[in-house]
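**Q** run_7.cif is reproduced below (mmCIF, C-alpha atoms).
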```cif
data_coords
#
loop_
_atom_site.label_atom_id
_atom_site.label_comp_id
_atom_site.auth_asym_id
_atom_site.auth_seq_id
_atom_site.Cartn_x
_atom_site.Cartn_y
_atom_site.Cartn_z
CA MET N 23 -30.62 -0.02 9.36
CA ALA N 24 -27.34 -0.54 7.56
CA LYS N 25 -25.14 -3.41 8.70
CA ILE N 26 -21.56 -4.55 8.32
CA THR N 27 -21.87 -8.17 7.22
CA ALA N 28 -18.33 -9.19 6.36
CA SER N 29 -14.75 -8.04 6.04
CA ALA N 30 -12.11 -8.91 3.48
CA PHE N 31 -8.38 -8.36 3.71
CA THR N 32 -5.96 -8.42 0.83
CA SER N 33 -2.65 -7.19 -0.52
CA HIS N 34 -2.93 -4.67 -3.37
CA VAL N 35 0.29 -5.29 -5.35
CA PRO N 36 0.30 -3.17 -8.56
CA ALA N 37 1.83 -6.00 -10.62
CA ILE N 38 -1.34 -8.06 -9.96
CA GLY N 39 -3.35 -5.38 -11.73
CA ALA N 40 -0.83 -5.30 -14.56
CA ALA N 41 -1.01 -9.11 -14.89
CA MET N 42 -4.79 -8.91 -15.30
CA ASP N 43 -4.66 -5.93 -17.65
CA LEU N 44 -2.02 -7.56 -19.86
CA GLY N 45 -3.70 -10.98 -19.96
CA LYS N 46 -1.01 -12.86 -18.01
CA THR N 47 -3.31 -14.48 -15.46
CA GLU N 48 -2.91 -17.97 -16.95
CA GLU N 49 0.88 -17.95 -16.55
CA PRO N 50 1.95 -20.32 -13.75
CA TYR N 51 3.62 -17.48 -11.82
CA TRP N 52 0.30 -15.61 -11.66
CA GLN N 53 -1.93 -18.68 -11.36
CA ASN N 54 -0.30 -19.22 -7.97
CA VAL N 55 -1.65 -15.83 -6.92
CA PHE N 56 -5.09 -15.87 -8.58
CA SER N 57 -5.94 -19.37 -7.40
CA GLY N 58 -6.19 -17.89 -3.91
CA TYR N 59 -9.01 -15.61 -5.06
CA GLU N 60 -11.26 -18.10 -6.86
CA PHE N 61 -13.17 -18.76 -3.66
CA SER N 62 -13.45 -15.03 -3.00
CA ARG N 63 -14.91 -14.17 -6.40
CA GLN N 64 -17.59 -16.84 -6.04
CA TRP N 65 -18.31 -15.79 -2.47
CA LEU N 66 -18.72 -12.15 -3.52
CA LYS N 67 -21.14 -13.19 -6.27
CA ASP N 68 -23.15 -15.27 -3.81
CA ASN N 69 -23.08 -12.57 -1.13
CA PRO N 70 -23.30 -9.30 -3.04
CA PRO N 71 -22.92 -6.24 -0.80
CA ASP N 72 -24.81 -3.01 -1.42
CA VAL N 73 -21.69 -1.00 -0.61
CA VAL N 74 -18.01 -1.75 -0.06
CA PHE N 75 -16.12 0.50 2.36
CA LEU N 76 -12.58 0.12 1.03
CA VAL N 77 -9.61 1.04 3.20
CA PHE N 78 -6.48 1.65 1.11
CA ASN N 79 -3.55 3.98 0.78
CA ASP N 80 -2.73 6.41 -1.95
CA HIS N 81 0.80 5.92 -3.36
CA ALA N 82 1.76 9.51 -4.22
CA THR N 83 -1.04 9.65 -6.77
CA ALA N 84 -3.97 11.77 -5.56
CA PHE N 85 -1.92 13.19 -2.70
CA SER N 86 1.49 14.66 -3.54
CA LEU N 87 3.50 16.45 -0.87
CA ASP N 88 1.10 19.41 -1.24
CA PHE N 89 -1.15 17.89 1.39
CA ILE N 90 -1.08 14.55 3.17
CA PRO N 91 -4.28 13.62 4.99
CA THR N 92 -3.86 11.00 7.70
CA PHE N 93 -7.39 9.70 7.08
CA ALA N 94 -9.47 10.74 4.07
CA ILE N 95 -13.01 9.62 3.25
CA GLY N 96 -14.37 9.85 -0.27
CA THR N 97 -17.84 11.40 -0.31
CA GLY N 98 -17.90 11.98 -4.07
CA ALA N 99 -20.06 10.34 -6.72
CA GLU N 100 -17.24 8.87 -8.80
CA TYR N 101 -13.51 8.27 -8.83
CA PRO N 102 -11.58 7.71 -12.08
CA PRO N 103 -8.71 5.17 -12.16
CA ALA N 104 -5.45 7.14 -12.00
CA ASP N 105 -2.52 7.43 -14.39
CA GLU N 106 0.32 6.42 -12.08
CA GLY N 107 2.93 6.94 -14.78
CA TRP N 108 2.20 3.86 -16.90
CA GLY N 109 -1.18 5.21 -18.10
CA PRO N 110 -4.53 4.57 -16.33
CA ARG N 111 -5.55 0.94 -15.71
CA PRO N 112 -8.28 -0.20 -18.13
CA VAL N 113 -10.79 -0.80 -15.34
CA PRO N 114 -14.26 0.69 -14.77
CA MET N 115 -15.01 4.01 -13.13
CA VAL N 116 -15.47 3.61 -9.37
CA HIS N 117 -18.84 4.89 -8.21
CA GLY N 118 -19.17 6.17 -4.66
CA HIS N 119 -22.03 6.24 -2.20
CA PRO N 120 -22.12 9.92 -1.25
CA LYS N 121 -25.04 9.60 1.13
CA LEU N 122 -23.62 6.82 3.31
CA ALA N 123 -20.10 8.25 3.07
CA SER N 124 -21.28 11.66 4.28
CA HIS N 125 -23.19 10.03 7.10
CA ILE N 126 -20.07 8.10 8.18
CA ALA N 127 -17.93 11.25 7.91
CA GLN N 128 -20.30 13.22 10.11
CA SER N 129 -20.63 10.42 12.62
CA VAL N 130 -16.94 9.60 13.13
CA ILE N 131 -15.81 13.24 13.09
CA GLN N 132 -18.27 13.86 15.89
CA GLU N 133 -16.54 11.02 17.71
CA ASP N 134 -13.25 12.95 17.47
CA PHE N 135 -11.70 11.22 14.43
CA ASP N 136 -10.60 14.19 12.33
CA LEU N 137 -11.17 12.91 8.81
CA THR N 138 -10.37 14.82 5.65
CA ILE N 139 -13.35 14.91 3.31
CA VAL N 140 -12.53 14.32 -0.35
CA ASN N 141 -14.95 14.76 -3.22
CA ARG N 142 -12.56 14.57 -6.14
CA MET N 143 -9.81 11.97 -6.27
CA ASP N 144 -8.22 9.69 -8.84
CA VAL N 145 -7.81 6.23 -7.31
CA ASP N 146 -4.63 4.24 -7.79
CA HIS N 147 -3.76 0.53 -7.61
CA GLY N 148 -4.30 0.58 -3.83
CA LEU N 149 -8.03 0.71 -4.51
CA THR N 150 -8.44 -0.83 -7.96
CA VAL N 151 -6.30 -3.95 -7.43
CA PRO N 152 -8.42 -5.25 -4.52
CA LEU N 153 -11.53 -4.68 -6.65
CA SER N 154 -9.93 -6.57 -9.54
CA LEU N 155 -8.86 -9.41 -7.25
CA MET N 156 -12.30 -9.78 -5.70
CA CYS N 157 -14.45 -9.11 -8.79
CA GLY N 158 -12.30 -10.29 -11.69
CA LYS N 159 -12.29 -8.59 -15.07
CA THR N 160 -15.53 -6.69 -15.47
CA ASP N 161 -17.22 -3.82 -17.32
CA ALA N 162 -18.70 -2.43 -14.12
CA TRP N 163 -17.89 -2.90 -10.44
CA PRO N 164 -20.74 -4.76 -8.72
CA CYS N 165 -21.63 -2.03 -6.22
CA PRO N 166 -20.78 1.46 -5.00
CA VAL N 167 -17.47 1.83 -3.17
CA ILE N 168 -16.55 4.31 -0.44
CA PRO N 169 -12.80 4.95 -0.70
CA PHE N 170 -11.08 5.51 2.62
CA ALA N 171 -7.43 6.53 2.31
CA VAL N 172 -4.92 6.12 5.14
CA ASN N 173 -1.52 7.79 5.06
CA VAL N 174 1.14 5.10 5.30
CA VAL N 175 3.65 6.91 3.07
CA GLN N 176 4.95 9.78 5.17
CA TYR N 177 5.80 9.20 8.82
CA PRO N 178 4.37 9.40 11.30
CA VAL N 179 1.52 7.22 10.05
CA PRO N 180 -1.45 6.50 12.34
CA SER N 181 -0.95 3.84 14.99
CA GLY N 182 -2.52 0.42 14.81
CA ARG N 183 -4.58 1.33 17.86
CA ARG N 184 -5.92 4.46 16.17
CA CYS N 185 -6.85 2.44 13.08
CA TYR N 186 -8.62 -0.20 15.16
CA GLU N 187 -10.60 2.36 17.17
CA LEU N 188 -11.53 4.13 13.94
CA GLY N 189 -12.90 0.82 12.62
CA ARG N 190 -15.10 0.59 15.70
CA ALA N 191 -16.39 4.11 15.10
CA ILE N 192 -17.10 3.27 11.45
CA ARG N 193 -19.20 0.31 12.56
CA ARG N 194 -21.25 2.52 14.88
CA ALA N 195 -21.68 5.02 12.04
CA VAL N 196 -22.87 2.36 9.60
CA GLU N 197 -25.33 0.96 12.15
CA SER N 198 -26.84 4.40 12.69
CA PHE N 199 -27.67 4.81 8.98
CA ASP N 200 -31.42 4.42 8.44
CA GLU N 201 -31.45 2.71 5.06
CA ASP N 202 -31.19 -1.09 4.96
CA LEU N 203 -27.80 -1.68 3.43
CA ASN N 204 -25.47 -4.66 3.39
CA VAL N 205 -22.00 -3.16 3.84
CA GLN N 206 -18.68 -4.96 3.57
CA ILE N 207 -15.46 -3.43 4.82
CA TRP N 208 -12.19 -4.29 3.13
CA GLY N 209 -8.73 -3.65 4.55
CA THR N 210 -5.90 -3.71 2.02
CA GLY N 211 -2.11 -3.53 1.67
CA GLY N 212 0.83 -5.60 2.86
CA MET N 213 1.94 -8.20 3.61
CA SER N 214 5.71 -8.20 4.13
CA HIS N 215 7.53 -6.20 1.47
CA GLN N 216 10.19 -3.60 1.07
CA LEU N 217 10.59 -1.61 -2.14
CA GLN N 218 13.57 0.54 -1.27
CA GLY N 219 17.25 0.44 -0.41
CA PRO N 220 19.66 -2.49 -0.09
CA ARG N 221 17.05 -4.35 2.01
CA ALA N 222 14.54 -4.31 -0.92
CA GLY N 223 12.88 -7.67 -1.48
CA LEU N 224 12.52 -8.55 2.20
CA ILE N 225 9.87 -11.19 2.91
CA ASN N 226 9.10 -12.60 6.35
CA LYS N 227 6.73 -15.53 5.89
CA GLU N 228 6.84 -16.64 9.50
CA TRP N 229 5.91 -13.17 10.75
CA ASP N 230 3.17 -12.80 8.12
CA GLU N 231 1.57 -16.12 9.02
CA LYS N 232 1.61 -15.16 12.68
CA PHE N 233 0.06 -11.78 11.83
CA LEU N 234 -2.74 -13.63 10.00
CA ASP N 235 -3.30 -15.91 13.02
CA ARG N 236 -3.37 -12.99 15.40
CA ILE N 237 -5.56 -10.59 13.42
CA ILE N 238 -8.14 -13.37 13.29
CA SER N 239 -8.01 -14.36 16.94
CA GLU N 240 -6.53 -11.47 18.93
CA PRO N 241 -6.94 -8.19 17.04
CA GLU N 242 -6.94 -6.19 20.28
CA ALA N 243 -3.37 -7.28 20.94
CA VAL N 244 -2.30 -6.64 17.33
CA ALA N 245 -3.68 -3.10 17.64
CA ASP N 246 -1.02 -2.35 20.24
CA MET N 247 1.89 -3.47 18.08
CA PRO N 248 4.23 -0.48 17.49
CA HIS N 249 5.21 0.68 13.98
CA ILE N 250 8.81 -0.34 14.48
CA GLU N 251 7.84 -4.00 14.67
CA TYR N 252 6.03 -3.84 11.31
CA VAL N 253 8.94 -2.17 9.52
CA ARG N 254 11.68 -4.19 11.20
CA GLU N 255 10.01 -7.56 10.65
CA ALA N 256 7.84 -7.03 7.56
CA GLY N 257 9.83 -4.41 5.65
CA ALA N 258 9.47 -0.66 5.20
CA GLU N 259 6.29 -1.03 3.15
CA GLY N 260 4.91 -3.74 5.45
CA ILE N 261 3.57 -0.82 7.51
CA GLU N 262 0.54 -0.92 5.17
CA LEU N 263 -0.78 -3.72 7.38
CA VAL N 264 -2.02 -1.18 9.95
CA MET N 265 -4.86 -0.60 7.48
CA TRP N 266 -6.17 -4.11 8.07
CA LEU N 267 -6.93 -3.02 11.62
CA VAL N 268 -9.52 -0.49 10.42
CA ALA N 269 -11.52 -3.30 8.82
CA ARG N 270 -10.91 -5.69 11.72
CA GLY N 271 -12.07 -3.07 14.25
CA ALA N 272 -15.36 -2.80 12.38
CA MET N 273 -16.28 -6.43 13.07
CA GLY N 274 -18.82 -7.36 15.73
CA ASP N 275 -16.44 -8.83 18.29
CA ALA N 276 -14.70 -5.47 18.59
CA ALA N 277 -18.07 -4.08 19.73
CA GLY N 278 -18.63 -6.82 22.31
CA GLY N 279 -20.35 -9.31 19.99
CA SER N 280 -19.30 -12.78 18.93
CA ALA N 281 -16.17 -13.52 16.91
CA PRO N 282 -16.55 -13.51 13.12
CA LYS N 283 -16.38 -16.74 11.16
CA LEU N 284 -13.23 -17.17 9.09
CA LEU N 285 -14.35 -18.17 5.59
CA HIS N 286 -11.10 -18.06 3.68
CA ARG N 287 -7.37 -17.73 4.26
CA PHE N 288 -4.65 -17.52 1.64
CA TYR N 289 -0.95 -16.71 1.62
CA HIS N 290 1.56 -16.77 -1.22
CA VAL N 291 5.07 -15.51 -2.00
CA PRO N 292 5.74 -13.69 -4.26
CA ALA N 293 3.76 -11.29 -6.37
CA SER N 294 6.55 -9.12 -7.74
CA ASN N 295 8.28 -7.77 -4.56
CA THR N 296 5.53 -8.71 -2.15
CA ALA N 297 3.96 -11.43 0.00
CA VAL N 298 0.25 -11.78 -0.76
CA GLY N 299 -2.11 -12.34 2.16
CA HIS N 300 -5.87 -12.62 2.03
CA LEU N 301 -8.67 -13.29 4.53
CA ILE N 302 -12.46 -13.20 4.49
CA MET N 303 -14.48 -13.02 7.70
CA GLU N 304 -18.22 -13.06 8.08
CA GLU N 305 -20.35 -11.75 10.94
CA THR N 306 -21.92 -14.53 12.96
CA ALA N 307 -24.77 -12.76 14.75
CA MET F 17 14.11 17.96 22.19
CA ALA F 18 14.92 15.68 19.27
CA LEU F 19 12.13 13.52 17.88
CA ASP F 20 12.22 9.84 18.77
CA LYS F 21 13.33 7.84 15.75
CA PRO F 22 13.45 4.18 16.79
CA TYR F 23 13.87 3.19 13.12
CA GLU F 24 17.39 4.53 12.62
CA ASP F 25 18.96 1.14 13.30
CA LEU F 26 17.23 -0.56 10.34
CA PRO F 27 19.83 -1.74 7.82
CA GLY F 28 19.41 -0.71 4.18
CA THR F 29 16.22 1.20 4.91
CA THR F 30 15.29 4.88 5.06
CA LEU F 31 11.91 5.76 6.49
CA PHE F 32 10.26 8.76 4.89
CA ASP F 33 9.75 10.95 7.93
CA THR F 34 9.16 14.69 8.14
CA ASP F 35 12.91 15.49 7.99
CA GLN F 36 13.35 13.42 4.81
CA SER F 37 10.19 14.91 3.36
CA ARG F 38 11.38 18.47 3.96
CA MET F 39 14.75 17.73 2.35
CA GLY F 40 13.12 15.99 -0.61
CA TYR F 41 10.16 18.29 -1.19
CA TRP F 42 11.12 19.56 -4.67
CA LEU F 43 12.68 16.26 -5.74
CA ASN F 44 9.40 14.50 -4.97
CA GLN F 45 7.26 17.22 -6.50
CA PHE F 46 9.35 16.99 -9.67
CA CYS F 47 8.56 13.25 -9.70
CA MET F 48 4.84 13.98 -9.40
CA SER F 49 5.03 16.12 -12.53
CA LEU F 50 5.90 12.95 -14.47
CA MET F 51 2.36 11.68 -14.02
CA LYS F 52 1.46 13.82 -17.04
CA ALA F 53 2.38 12.30 -20.39
CA GLU F 54 3.51 15.63 -21.89
CA ASN F 55 5.90 16.18 -18.97
CA ARG F 56 7.36 12.69 -19.34
CA LYS F 57 8.07 13.50 -22.96
CA ARG F 58 9.64 16.87 -22.19
CA PHE F 59 11.80 15.37 -19.40
CA LEU F 60 13.13 12.60 -21.64
CA ALA F 61 13.89 15.06 -24.44
CA ASP F 62 16.22 17.16 -22.23
CA GLU F 63 16.56 15.90 -18.67
CA LYS F 64 18.87 18.63 -17.38
CA ALA F 65 16.75 21.46 -18.78
CA TYR F 66 13.61 19.95 -17.27
CA LEU F 67 15.27 19.41 -13.88
CA ASP F 68 16.53 23.02 -13.89
CA GLU F 69 12.91 24.14 -13.77
CA TRP F 70 12.71 22.77 -10.21
CA GLU F 71 14.26 24.10 -7.00
CA MET F 72 16.28 20.93 -6.53
CA SER F 73 19.91 20.73 -5.37
CA GLU F 74 22.50 19.88 -8.02
CA GLU F 75 23.12 16.64 -6.13
CA GLN F 76 19.47 15.70 -6.43
CA LYS F 77 19.43 16.49 -10.14
CA GLN F 78 22.56 14.39 -10.69
CA ALA F 79 21.13 11.47 -8.73
CA VAL F 80 18.01 11.57 -10.93
CA MET F 81 20.06 11.68 -14.14
CA ASP F 82 22.18 8.77 -12.84
CA ARG F 83 18.95 6.89 -11.94
CA ASP F 84 20.64 6.23 -8.59
CA LEU F 85 17.58 5.55 -6.48
CA ASN F 86 19.55 4.92 -3.28
CA ARG F 87 21.15 8.33 -3.66
CA CYS F 88 17.76 9.91 -4.43
CA ILE F 89 16.37 8.40 -1.22
CA SER F 90 19.32 9.64 0.85
CA LEU F 91 18.55 13.12 -0.53
CA GLY F 92 14.92 13.01 0.57
CA GLY F 93 13.22 11.07 -2.23
CA ASN F 94 10.41 8.67 -1.46
CA ILE F 95 10.07 5.44 -3.42
CA TYR F 96 6.45 6.00 -4.45
CA PHE F 97 7.39 9.37 -5.90
CA LEU F 98 10.64 8.08 -7.44
CA ALA F 99 8.63 5.30 -9.07
CA LYS F 100 7.32 7.92 -11.53
CA ILE F 101 10.87 8.18 -12.92
CA GLY F 102 10.95 4.42 -13.39
CA ALA F 103 7.54 4.49 -15.05
CA THR F 104 8.81 7.20 -17.39
CA ASP F 105 11.67 4.87 -18.32
CA GLY F 106 9.20 1.99 -18.80
CA LYS F 107 10.53 0.06 -15.81
CA SER F 108 8.51 -2.15 -13.47
CA PHE F 109 8.51 -1.78 -9.71
CA GLN F 110 10.54 -4.97 -9.47
CA GLN F 111 13.24 -3.57 -11.75
CA MET F 112 13.35 -0.39 -9.67
CA ALA F 113 13.51 -2.19 -6.35
CA GLY F 114 16.18 -4.55 -7.65
CA SER F 115 18.33 -1.66 -8.88
CA MET F 116 18.89 -0.56 -5.28
CA THR F 117 20.47 -3.85 -4.24
CA GLY F 118 23.31 -4.06 -6.74
CA MET F 119 21.91 -7.37 -7.99
CA THR F 120 21.19 -7.98 -11.64
CA GLU F 121 17.57 -8.05 -12.66
CA GLU F 122 17.73 -11.82 -12.96
CA GLU F 123 19.38 -12.29 -9.56
CA TYR F 124 16.75 -10.13 -7.89
CA ARG F 125 13.86 -11.87 -9.65
CA ASP F 126 15.25 -15.27 -8.65
CA MET F 127 15.57 -14.14 -5.04
CA MET F 128 11.88 -13.15 -5.03
CA VAL F 129 10.71 -16.36 -6.68
CA ASN F 130 12.68 -18.30 -4.08
CA GLY F 131 10.84 -16.64 -1.21
CA GLY F 132 12.43 -13.20 -1.04
CA ARG F 133 15.21 -11.76 1.08
CA SER F 134 15.57 -13.40 4.47
CA ILE F 135 14.99 -11.36 7.60
CA GLU F 136 17.84 -13.18 9.35
CA GLY F 137 20.74 -10.82 9.95
CA ASN F 138 18.73 -7.95 8.51
CA ARG F 139 16.78 -6.71 11.49
CA ARG F 140 19.34 -4.30 12.95
CA LEU F 141 22.57 -2.59 11.96
CA GLY F 142 25.51 -4.51 13.35
CA GLU F 143 24.24 -7.92 12.22
CA ASP F 144 25.64 -9.64 9.14
CA GLY F 145 22.75 -10.18 6.71
CA ASP F 146 22.93 -9.47 2.99
CA ALA F 147 21.29 -6.02 3.35
CA GLN F 148 23.93 -4.74 5.78
CA PRO F 149 26.22 -1.89 4.66
CA GLN F 150 29.36 -4.06 4.91
CA ASN F 151 27.83 -6.53 2.43
CA GLN F 152 27.12 -4.12 -0.47
CA PRO F 153 26.79 -4.39 -3.38
CA GLN F 154 24.94 -7.70 -3.55
CA GLY F 155 24.96 -10.43 -6.16
CA VAL F 156 27.76 -10.92 -8.66
CA ALA F 157 28.59 -7.20 -8.40
CA GLY F 158 29.78 -7.84 -4.84
CA LYS F 159 31.93 -10.80 -5.82
CA LYS F 160 34.16 -8.98 -8.30
CA GLY F 161 37.75 -8.13 -7.40
#
```
Show this structure as structure tokens.
**A**
Amino acid sequence: MAKITASAFTSHVPAIGAAMDLGKTEEPYWQNVFSGYEFSRQWLKDNPPDVVFLVFNDHATAFSLDFIPTFAIGTGAEYPPADEGWGPRPVPMVHGHPKLASHIAQSVIQEDFDLTIVNRMDVDHGLTVPLSLMCGKTDAWPCPVIPFAVNVVQYPVPSGRRCYELGRAIRRAVESFDEDLNVQIWGTGGMSHQLQGPRAGLINKEWDEKFLDRIISEPEAVADMPHIEYVREAGAEGIELVMWLVARGAMGDAAGGSAPKLLHRFYHVPASNTAVGHLIMEETA
Amino acid sequence: MALDKPYEDLPGTTLFDTDQSRMGYWLNQFCMSLMKAENRKRFLADEKAYLDEWEMSEEQKQAVMDRDLNRCISLGGNIYFLAKIGATDGKSFQQMAGSMTGMTEEEYRDMMVNGGRSIEGNRRLGEDGDAQPQNQPQGVAGKKG
């Protein structure tokens, strides 16, 4: 039986990818960011998953205004890094896990979550920056990755509650897969940031820290937070944080089990326009 | 019945909802075309001619040529789409975001390094934070005259 063993949460700021690609990681500005991931890289090496289920959002890369899926699961075999306008990032091809992804798609669609199924998709910084942060510079990602895209670009975006319930359904789907697989689920995006208009550059450290406290200890309550609070307090693009609830909903305590163990917590301002937040939680039972 | 839009009282912020998306459809689709290197080259060679290939309003075309991202957003542009214009110009996301505040690049970068823009006074229209309409433009640009 497949199992979800841990969850990781992290911002996916494009400038972090650029800093790694351009060899700037030793600069003090960037050291302040990367130091928060040293633990994570070692932990991932010591606890290698068979598959990572990676929740992210596409930033007008694979999905233009031609079609905008609210939730899209990648069931393909591979996903090339995208050219977002600066040329593709020099990072490895992302390999999928079509069999598990198709199983999850079938399972959660039958539970009334109407996913879009995607077999061909270029993946942008939303997916590749978390991999770079967690794995470092590498010639090959350590395991297959199932990309799961959430629309947080065009309103209305899915509610926190919907994301959380979807995470629960994903856990049930993983646990009904016959093969023995160690699956991690990662939720990405955020934390506070705003990239547009005269309010660009907004950071709300106090709110972010409280969000971190609460997603650890009271995710049920966070799931009921309305969109307007995210955008008012954490900036227009802070809405990405609803994606963390997909990963959090997939942890055992959301299915009646014991609370996960918090292994790592990190917060830093800034990376470019954005507050960087990062958590790792491990299943306890 | 009108749709509920509880976000209309956010200062200095435009949420990309279905009304904005409808208004900005061709503007944003034009931006997507800049993800191809040959299109970036053709656009830079003759911006007006390239823009005339799209069903955009003259106002939208002018806003693009002026690189006025606030204006582009008010005409239905979305920042992730508009970022392709910045990428075509070789600009970073920080330079693009900063350009919408009136601050110089250095002023904006310093603000971020010092912890970013404060939320105080910037939650709702009618307050007096630095992102409020009555306090534009920001930085030295706002202190002239």
**Q** Determine the residue membership of the PyMOL selection byres ((chain F and resi 137-150) around 12) for the file above and supply it as JSON, numbers by chain.
**A** {"N": [216, 218, 219, 220, 221, 222, 223, 224, 225, 226, 250, 251, 252, 253, 254, 255, 256, 257, 258], "F": [22, 23, 24, 25, 26, 27, 28, 29, 116, 117, 118, 119, 127, 132, 133, 134, 135, 136, 151, 152, 153, 154, 155, 158]}
**Q** Determine the residue membership of the PyMOL selection byres ((chain N) within 10 of (chain F)) for the file above and supply it as number ranges by chain.
**A** N: 35-37, 40, 51, 80-88, 104-109, 174-179, 214-229, 249-251, 253-259, 290-297
**Q** Would you list the residues near (-11.5, 13.7, -1.3), meaning any protein, DNA or RNA residue with an atom at most 6 Å from that point in file coordinates, counting only C-alpha atoms, as a PyMOL selection string?
**A** chain N and resi 96+139-143
**Q** Could you check which residues have any atom within 10 Å of (14.5, 18.0, -11.2), counting only C-alpha atoms with coordinates taken straight from the file, and then list them as a ChimeraX atom specification?
**A** /F:42-47,49,59,63-74,76-81
**Q** What separation in Å, quoted to one decimal, exists between CA of Lys283 (chain N) and CA of Thr150 (chain N)?
**A**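 According to the coordinates, CA of Lys283 (chain N) and CA of Thr150 (chain N) are separated by 26.1 Å.
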**Q** Quick one, how far is CA of Asn204 (chain N) from CA of Pro70 (chain N)?
**A**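 Taking CA of Asn204 (chain N) and CA of Pro70 (chain N), their separation equals 8.2 Å.
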**Q** With distances taken over all atoms listed in the file, which of N:Glu242, N:Asp230, N:Asp202, N:Glu187 is nearest to Asp72 (chain N)?
**A**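 Of the candidates, the smallest distance to Asp72 (chain N) is held by N:Asp202.
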**Q** Output as CSV one row per residue of region 81-154 of chain N within 12 Å of region 52-63 of chain N: the closest atom pair and its distance in Å to one decimal place, counting all atoms listed in the file, sorted by chain and residue number ascending.
**A**
```
residue,atom,partner,partner_atom,distance
N:Pro152,CA,N:Tyr59,CA,10.4
N:Leu153,CA,N:Arg63,CA,10.1
N:Ser154,CA,N:Arg63,CA,9.6
```
**Q** Work out how far CA of Pro248 (chain N) is from CA of His286 (chain N), in Å to one decimal.
**A**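 Rounded to one decimal, the two atoms are 27.1 Å apart.
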**Q** Got a sec: who's within 9 Å of Val77 (chain N), counting only C-alpha atoms, leaving out chain neighbours fewer than 5 positions off, as a list in words?
**A** Gly148, Leu149, Ile168, Pro169, Phe170, Ala171, Val172, Ile207, Trp208, Gly209, Thr210, Gly211, Met265, Trp266, Val268 and Ala269 of chain N
**Q** Could you state which residues are captured by the PyMOL selection byres ((chain N and resi 232-235) around 12) in this file, as a VMD selection string?
**A** chain N and resid 31 to 32 212 to 214 226 to 231 236 to 241 243 to 245 247 251 to 252 255 to 256 260 263 to 264 266 to 267 270 284 286 to 289 298 to 303
**Q** Taking into account only C-alpha atoms, which residue in the set N:Ile95, N:Pro112, N:Val74, N:Gln64 is nearest to Lys159 (chain N)?
**A**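 Between N:Ile95, N:Pro112, N:Val74, N:Gln64, the residue approaching Lys159 (chain N) most closely is N:Pro112.
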**Q** For each of N:Pro102, N:Val167, N:Thr92, N:Pro71, take the minimum atom-to-atom distance to Gly118 (chain N), counting only C-alpha atoms, then give the residue where this is smallest.
**A**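 Of all the options, N:Val167 lies closest to Gly118 (chain N).
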**Q** Extending 6 Å beyond the listed atoms of region 73-92 of chain F on each side, what axis-aligned box results? I want centre and edge lengths in Å to one decimal, as AutoDock Vina command-line options.
**A**
```
--center_x 19.0 --center_y 12.8 --center_z -6.6 --size_x 20.2 --size_y 27.8 --size_z 27.0
```
**Q** I need the residue nearest Ala162 (chain N) from this list: N:Ala272, N:Ile26, N:Met115, N:Leu76. Use all atoms listed in the file for the distance.
**A**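 Ranked by minimum distance to Ala162 (chain N), first place goes to N:Met115.
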